[in-house]
Amino acid sequence: MALTPLISLNRCQPGRGTFVEIAGREIAVFVLGQPPTPHVIDNACPHANGNLSAGACTAEVVACPWHDWRFDLRTGACVDSPKVRVRRYKAEIRDGEVWVDLDSAGEP
Ligand code: FES
């Protein structure tokens, strides 16, 4: 597991997604709850590439702003069709930053 610094916590808005580009990938970062827990997924919705970082977030579910497909940020699974998944990455908070393992794609 090789963690890479992704974004400072103070750039993440509570309860909302933040778009980040890193290593040629477009990523959506959500920092939710207390203590803050990071959720890092691909930004492109698997339906038609909607911008998931701009989706409304309720509890740990983000709704795609284009056609409202909803994804559980803890697993990447689509709430209404669990075989559909958005790629999810392991992440943690260290020293005020979200760190991500870009090699962990697909792991719940
Ligand atoms: S592009 Fe996300 S639901 Fe259609």
# chains A, B, ... in the order shown; residues from 1 in each chain; ligands from 1

$ residues_near_ligand --ligand "ligand 1" --cutoff "9 Å" --atoms "only C-alpha atoms and all ligand atoms" --output "VMD selection string"
chain A and resid 44 to 52 63 to 70

$ write_last_selection --atoms "N, CA and C atoms" --output "PDB file, in the first residue's frame"
ATOM      1  N   ALA A  44     -15.805  10.081 -12.459  1.00  0.00           N
ATOM      2  CA  ALA A  44     -16.744   9.797 -13.554  1.00  0.00           C
ATOM      3  C   ALA A  44     -17.769   8.749 -13.135  1.00  0.00           C
ATOM      4  N   CYS A  45     -19.026   9.105 -13.247  1.00  0.00           N
ATOM      5  CA  CYS A  45     -20.107   8.159 -12.971  1.00  0.00           C
ATOM      6  C   CYS A  45     -20.059   7.028 -13.998  1.00  0.00           C
ATOM      7  N   PRO A  46     -20.206   5.769 -13.570  1.00  0.00           N
ATOM      8  CA  PRO A  46     -20.144   4.655 -14.515  1.00  0.00           C
ATOM      9  C   PRO A  46     -21.316   4.617 -15.494  1.00  0.00           C
ATOM     10  N   HIS A  47     -22.351   5.410 -15.268  1.00  0.00           N
ATOM     11  CA  HIS A  47     -23.473   5.435 -16.212  1.00  0.00           C
ATOM     12  C   HIS A  47     -23.089   6.178 -17.489  1.00  0.00           C
ATOM     13  N   ALA A  48     -22.746   7.465 -17.369  1.00  0.00           N
ATOM     14  CA  ALA A  48     -22.431   8.258 -18.569  1.00  0.00           C
ATOM     15  C   ALA A  48     -21.441   9.375 -18.236  1.00  0.00           C
ATOM     16  N   ASN A  49     -20.550   9.082 -17.290  1.00  0.00           N
ATOM     17  CA  ASN A  49     -19.453   9.990 -16.937  1.00  0.00           C
ATOM     18  C   ASN A  49     -19.887  11.287 -16.256  1.00  0.00           C
ATOM     19  N   GLY A  50     -21.002  11.276 -15.562  1.00  0.00           N
ATOM     20  CA  GLY A  50     -21.403  12.443 -14.779  1.00  0.00           C
ATOM     21  C   GLY A  50     -20.347  12.780 -13.726  1.00  0.00           C
ATOM     22  N   ASN A  51     -20.344  14.027 -13.311  1.00  0.00           N
ATOM     23  CA  ASN A  51     -19.354  14.565 -12.373  1.00  0.00           C
ATOM     24  C   ASN A  51     -19.790  14.270 -10.937  1.00  0.00           C
ATOM     25  N   LEU A  52     -19.304  13.157 -10.393  1.00  0.00           N
ATOM     26  CA  LEU A  52     -19.770  12.749  -9.059  1.00  0.00           C
ATOM     27  C   LEU A  52     -19.344  13.706  -7.961  1.00  0.00           C
ATOM     28  N   ALA A  63     -25.322  11.205  -4.890  1.00  0.00           N
ATOM     29  CA  ALA A  63     -26.217  11.077  -6.038  1.00  0.00           C
ATOM     30  C   ALA A  63     -25.585  11.783  -7.227  1.00  0.00           C
ATOM     31  N   CYS A  64     -25.486  11.077  -8.339  1.00  0.00           N
ATOM     32  CA  CYS A  64     -24.935  11.691  -9.541  1.00  0.00           C
ATOM     33  C   CYS A  64     -25.835  12.849  -9.979  1.00  0.00           C
ATOM     34  N   PRO A  65     -25.242  14.004 -10.297  1.00  0.00           N
ATOM     35  CA  PRO A  65     -26.071  15.164 -10.650  1.00  0.00           C
ATOM     36  C   PRO A  65     -26.736  15.031 -12.025  1.00  0.00           C
ATOM     37  N   TRP A  66     -26.332  14.068 -12.830  1.00  0.00           N
ATOM     38  CA  TRP A  66     -26.908  13.964 -14.172  1.00  0.00           C
ATOM     39  C   TRP A  66     -28.219  13.188 -14.192  1.00  0.00           C
ATOM     40  N   HIS A  67     -28.232  11.966 -13.651  1.00  0.00           N
ATOM     41  CA  HIS A  67     -29.450  11.136 -13.734  1.00  0.00           C
ATOM     42  C   HIS A  67     -29.780  10.489 -12.393  1.00  0.00           C
ATOM     43  N   ASP A  68     -29.132  10.963 -11.338  1.00  0.00           N
ATOM     44  CA  ASP A  68     -29.492  10.584  -9.961  1.00  0.00           C
ATOM     45  C   ASP A  68     -29.164   9.147  -9.575  1.00  0.00           C
ATOM     46  N   TRP A  69     -28.278   8.482 -10.300  1.00  0.00           N
ATOM     47  CA  TRP A  69     -27.813   7.197  -9.772  1.00  0.00           C
ATOM     48  C   TRP A  69     -27.086   7.495  -8.468  1.00  0.00           C
ATOM     49  N   ARG A  70     -27.322   6.661  -7.464  1.00  0.00           N
ATOM     50  CA  ARG A  70     -26.753   6.887  -6.135  1.00  0.00           C
ATOM     51  C   ARG A  70     -25.712   5.810  -5.808  1.00  0.00           C
TER      52      ARG A  70
END

$ residues_around --residues "Ser53 in chain A" --least-positions-apart "6" --cutoff "8 Å" --atoms "only C-alpha atoms" --output "short mmCIF file (atom, residue, chain, number, x, y, z; two decimals) with C-alpha atoms, in the first residue's frame"
data_model
loop_
_atom_site.label_atom_id
_atom_site.label_comp_id
_atom_site.auth_asym_id
_atom_site.auth_seq_id
_atom_site.Cartn_x
_atom_site.Cartn_y
_atom_site.Cartn_z
CA ARG A 16 -19.70 17.88 -0.24
CA GLY A 17 -17.42 16.46 -2.89
CA THR A 18 -14.18 17.97 -4.09
CA PHE A 19 -12.67 17.32 -7.52
CA ILE A 27 -10.98 11.82 -8.49
CA ALA A 28 -13.85 12.83 -6.20
CA VAL A 29 -13.05 13.24 -2.51
CA PHE A 30 -15.64 13.32 0.25
CA ASN A 43 -15.08 11.24 -10.45
#

$ residues_around --residues "Val86 in chain A" --least-positions-apart "3" --cutoff "8 Å" --atoms "only C-alpha atoms" --output "list in words"
Ile41, Asp42, Ala44, Cys45, Pro46, Phe71, Gly76, Ala77, Cys78 and Gly106 of chain A

$ residues_around --residues "Lys90 in chain A" --least-positions-apart "3" --cutoff "7 Å" --atoms "only C-alpha atoms" --output "count of residues only"
3

$ residues_around --residues "Glu60 in chain A" --least-positions-apart "6" --cutoff "8 Å" --atoms "only C-alpha atoms" --output "list of chain:residue names"
A:Leu32, A:Asp72, A:Leu73, A:Arg74

$ select_by_dssp --residues "chain A" --states "strand (DSSP E or B)" --output "JSON, numbers by chain"
{"A": [4, 5, 6, 7, 8, 17, 18, 19, 20, 21, 22, 25, 26, 27, 28, 29, 30, 31, 32, 37, 38, 39, 40, 41, 42, 44, 51, 56, 57, 58, 61, 62, 63, 70, 71, 72, 77, 78, 85, 88, 89, 90, 91, 92, 93, 94, 97, 98, 99, 100, 101]}

$ select_by_dssp --residues "chain A" --states "helix (DSSP H, G or I)" --output "list in words"
Leu9, Asn10, Arg11, Leu52, Ser53, Ala54, Leu102, Asp103 and Ser104 of chain A

$ residues_around --residues "Glu97 in chain A" --least-positions-apart "2" --cutoff "12 Å" --atoms "only C-alpha atoms" --output "number ranges by chain"
A: 3-12, 29, 31, 36-38, 91-95, 99-100

$ decode --residues "range 58-91 of chain A" --atoms "N, CA and C atoms" --output "mmCIF file, in the first residue's frame"
data_model
loop_
_atom_site.group_PDB
_atom_site.id
_atom_site.type_symbol
_atom_site.label_atom_id
_atom_site.label_comp_id
_atom_site.auth_asym_id
_atom_site.auth_seq_id
_atom_site.Cartn_x
_atom_site.Cartn_y
_atom_site.Cartn_z
ATOM 1 N N THR A 58 -25.807 12.633 0.895
ATOM 2 C CA THR A 58 -26.632 12.437 2.077
ATOM 3 C C THR A 58 -26.075 11.234 2.818
ATOM 4 N N ALA A 59 -25.789 11.436 4.090
ATOM 5 C CA ALA A 59 -25.107 10.394 4.864
ATOM 6 C C ALA A 59 -23.877 9.968 4.073
ATOM 7 N N GLU A 60 -23.738 8.692 3.727
ATOM 8 C CA GLU A 60 -22.556 8.242 2.975
ATOM 9 C C GLU A 60 -22.938 7.802 1.568
ATOM 10 N N VAL A 61 -23.914 8.487 1.001
ATOM 11 C CA VAL A 61 -24.374 8.187 -0.351
ATOM 12 C C VAL A 61 -24.301 9.470 -1.174
ATOM 13 N N VAL A 62 -23.701 9.352 -2.379
ATOM 14 C CA VAL A 62 -23.657 10.489 -3.287
ATOM 15 C C VAL A 62 -24.579 10.195 -4.464
ATOM 16 N N ALA A 63 -25.322 11.205 -4.890
ATOM 17 C CA ALA A 63 -26.217 11.077 -6.038
ATOM 18 C C ALA A 63 -25.585 11.783 -7.227
ATOM 19 N N CYS A 64 -25.486 11.077 -8.339
ATOM 20 C CA CYS A 64 -24.935 11.691 -9.541
ATOM 21 C C CYS A 64 -25.835 12.849 -9.979
ATOM 22 N N PRO A 65 -25.242 14.004 -10.297
ATOM 23 C CA PRO A 65 -26.071 15.164 -10.650
ATOM 24 C C PRO A 65 -26.736 15.031 -12.025
ATOM 25 N N TRP A 66 -26.332 14.068 -12.830
ATOM 26 C CA TRP A 66 -26.908 13.964 -14.172
ATOM 27 C C TRP A 66 -28.219 13.188 -14.192
ATOM 28 N N HIS A 67 -28.232 11.966 -13.651
ATOM 29 C CA HIS A 67 -29.450 11.136 -13.734
ATOM 30 C C HIS A 67 -29.780 10.489 -12.393
ATOM 31 N N ASP A 68 -29.132 10.963 -11.338
ATOM 32 C CA ASP A 68 -29.492 10.584 -9.961
ATOM 33 C C ASP A 68 -29.164 9.147 -9.575
ATOM 34 N N TRP A 69 -28.278 8.482 -10.300
ATOM 35 C CA TRP A 69 -27.813 7.197 -9.772
ATOM 36 C C TRP A 69 -27.086 7.495 -8.468
ATOM 37 N N ARG A 70 -27.322 6.661 -7.464
ATOM 38 C CA ARG A 70 -26.753 6.887 -6.135
ATOM 39 C C ARG A 70 -25.712 5.810 -5.808
ATOM 40 N N PHE A 71 -24.602 6.243 -5.209
ATOM 41 C CA PHE A 71 -23.499 5.338 -4.897
ATOM 42 C C PHE A 71 -23.159 5.423 -3.421
ATOM 43 N N ASP A 72 -22.984 4.234 -2.822
ATOM 44 C CA ASP A 72 -22.553 4.148 -1.427
ATOM 45 C C ASP A 72 -21.050 4.412 -1.388
ATOM 46 N N LEU A 73 -20.644 5.471 -0.728
ATOM 47 C CA LEU A 73 -19.230 5.845 -0.718
ATOM 48 C C LEU A 73 -18.369 4.849 0.062
ATOM 49 N N ARG A 74 -18.976 4.032 0.893
ATOM 50 C CA ARG A 74 -18.198 3.062 1.677
ATOM 51 C C ARG A 74 -17.787 1.854 0.838
ATOM 52 N N THR A 75 -18.519 1.614 -0.244
ATOM 53 C CA THR A 75 -18.241 0.421 -1.062
ATOM 54 C C THR A 75 -18.062 0.747 -2.541
ATOM 55 N N GLY A 76 -18.593 1.857 -2.991
ATOM 56 C CA GLY A 76 -18.601 2.193 -4.413
ATOM 57 C C GLY A 76 -19.792 1.610 -5.147
ATOM 58 N N ALA A 77 -20.620 0.824 -4.471
ATOM 59 C CA ALA A 77 -21.739 0.160 -5.137
ATOM 60 C C ALA A 77 -22.892 1.131 -5.376
ATOM 61 N N CYS A 78 -23.542 0.939 -6.520
ATOM 62 C CA CYS A 78 -24.752 1.694 -6.822
ATOM 63 C C CYS A 78 -25.857 1.192 -5.880
ATOM 64 N N VAL A 79 -26.546 2.103 -5.243
ATOM 65 C CA VAL A 79 -27.550 1.727 -4.247
ATOM 66 C C VAL A 79 -28.677 0.907 -4.887
ATOM 67 N N ASP A 80 -29.085 1.273 -6.068
ATOM 68 C CA ASP A 80 -30.226 0.616 -6.704
ATOM 69 C C ASP A 80 -29.829 -0.569 -7.577
ATOM 70 N N SER A 81 -28.562 -0.706 -7.864
ATOM 71 C CA SER A 81 -28.102 -1.790 -8.729
ATOM 72 C C SER A 81 -26.668 -2.147 -8.306
ATOM 73 N N PRO A 82 -26.510 -2.923 -7.209
ATOM 74 C CA PRO A 82 -25.200 -3.102 -6.572
ATOM 75 C C PRO A 82 -24.120 -3.717 -7.461
ATOM 76 N N LYS A 83 -24.486 -4.339 -8.583
ATOM 77 C CA LYS A 83 -23.437 -4.856 -9.471
ATOM 78 C C LYS A 83 -22.720 -3.733 -10.205
ATOM 79 N N VAL A 84 -23.332 -2.567 -10.254
ATOM 80 C CA VAL A 84 -22.689 -1.391 -10.850
ATOM 81 C C VAL A 84 -21.898 -0.705 -9.752
ATOM 82 N N ARG A 85 -20.635 -0.437 -10.037
ATOM 83 C CA ARG A 85 -19.782 0.160 -9.016
ATOM 84 C C ARG A 85 -18.955 1.289 -9.608
ATOM 85 N N VAL A 86 -18.681 2.259 -8.782
ATOM 86 C CA VAL A 86 -17.683 3.258 -9.135
ATOM 87 C C VAL A 86 -16.389 2.848 -8.432
ATOM 88 N N ARG A 87 -15.272 3.069 -9.090
ATOM 89 C CA ARG A 87 -13.986 2.674 -8.516
ATOM 90 C C ARG A 87 -13.712 3.465 -7.249
ATOM 91 N N ARG A 88 -13.285 2.771 -6.240
ATOM 92 C CA ARG A 88 -13.056 3.357 -4.931
ATOM 93 C C ARG A 88 -11.615 3.088 -4.510
ATOM 94 N N TYR A 89 -11.039 4.016 -3.782
ATOM 95 C CA TYR A 89 -9.639 3.895 -3.361
ATOM 96 C C TYR A 89 -9.547 3.950 -1.840
ATOM 97 N N LYS A 90 -8.561 3.206 -1.303
ATOM 98 C CA LYS A 90 -8.303 3.315 0.133
ATOM 99 C C LYS A 90 -7.726 4.693 0.423
ATOM 100 N N ALA A 91 -8.160 5.255 1.529
ATOM 101 C CA ALA A 91 -7.702 6.594 1.885
ATOM 102 C C ALA A 91 -7.679 6.732 3.393
#
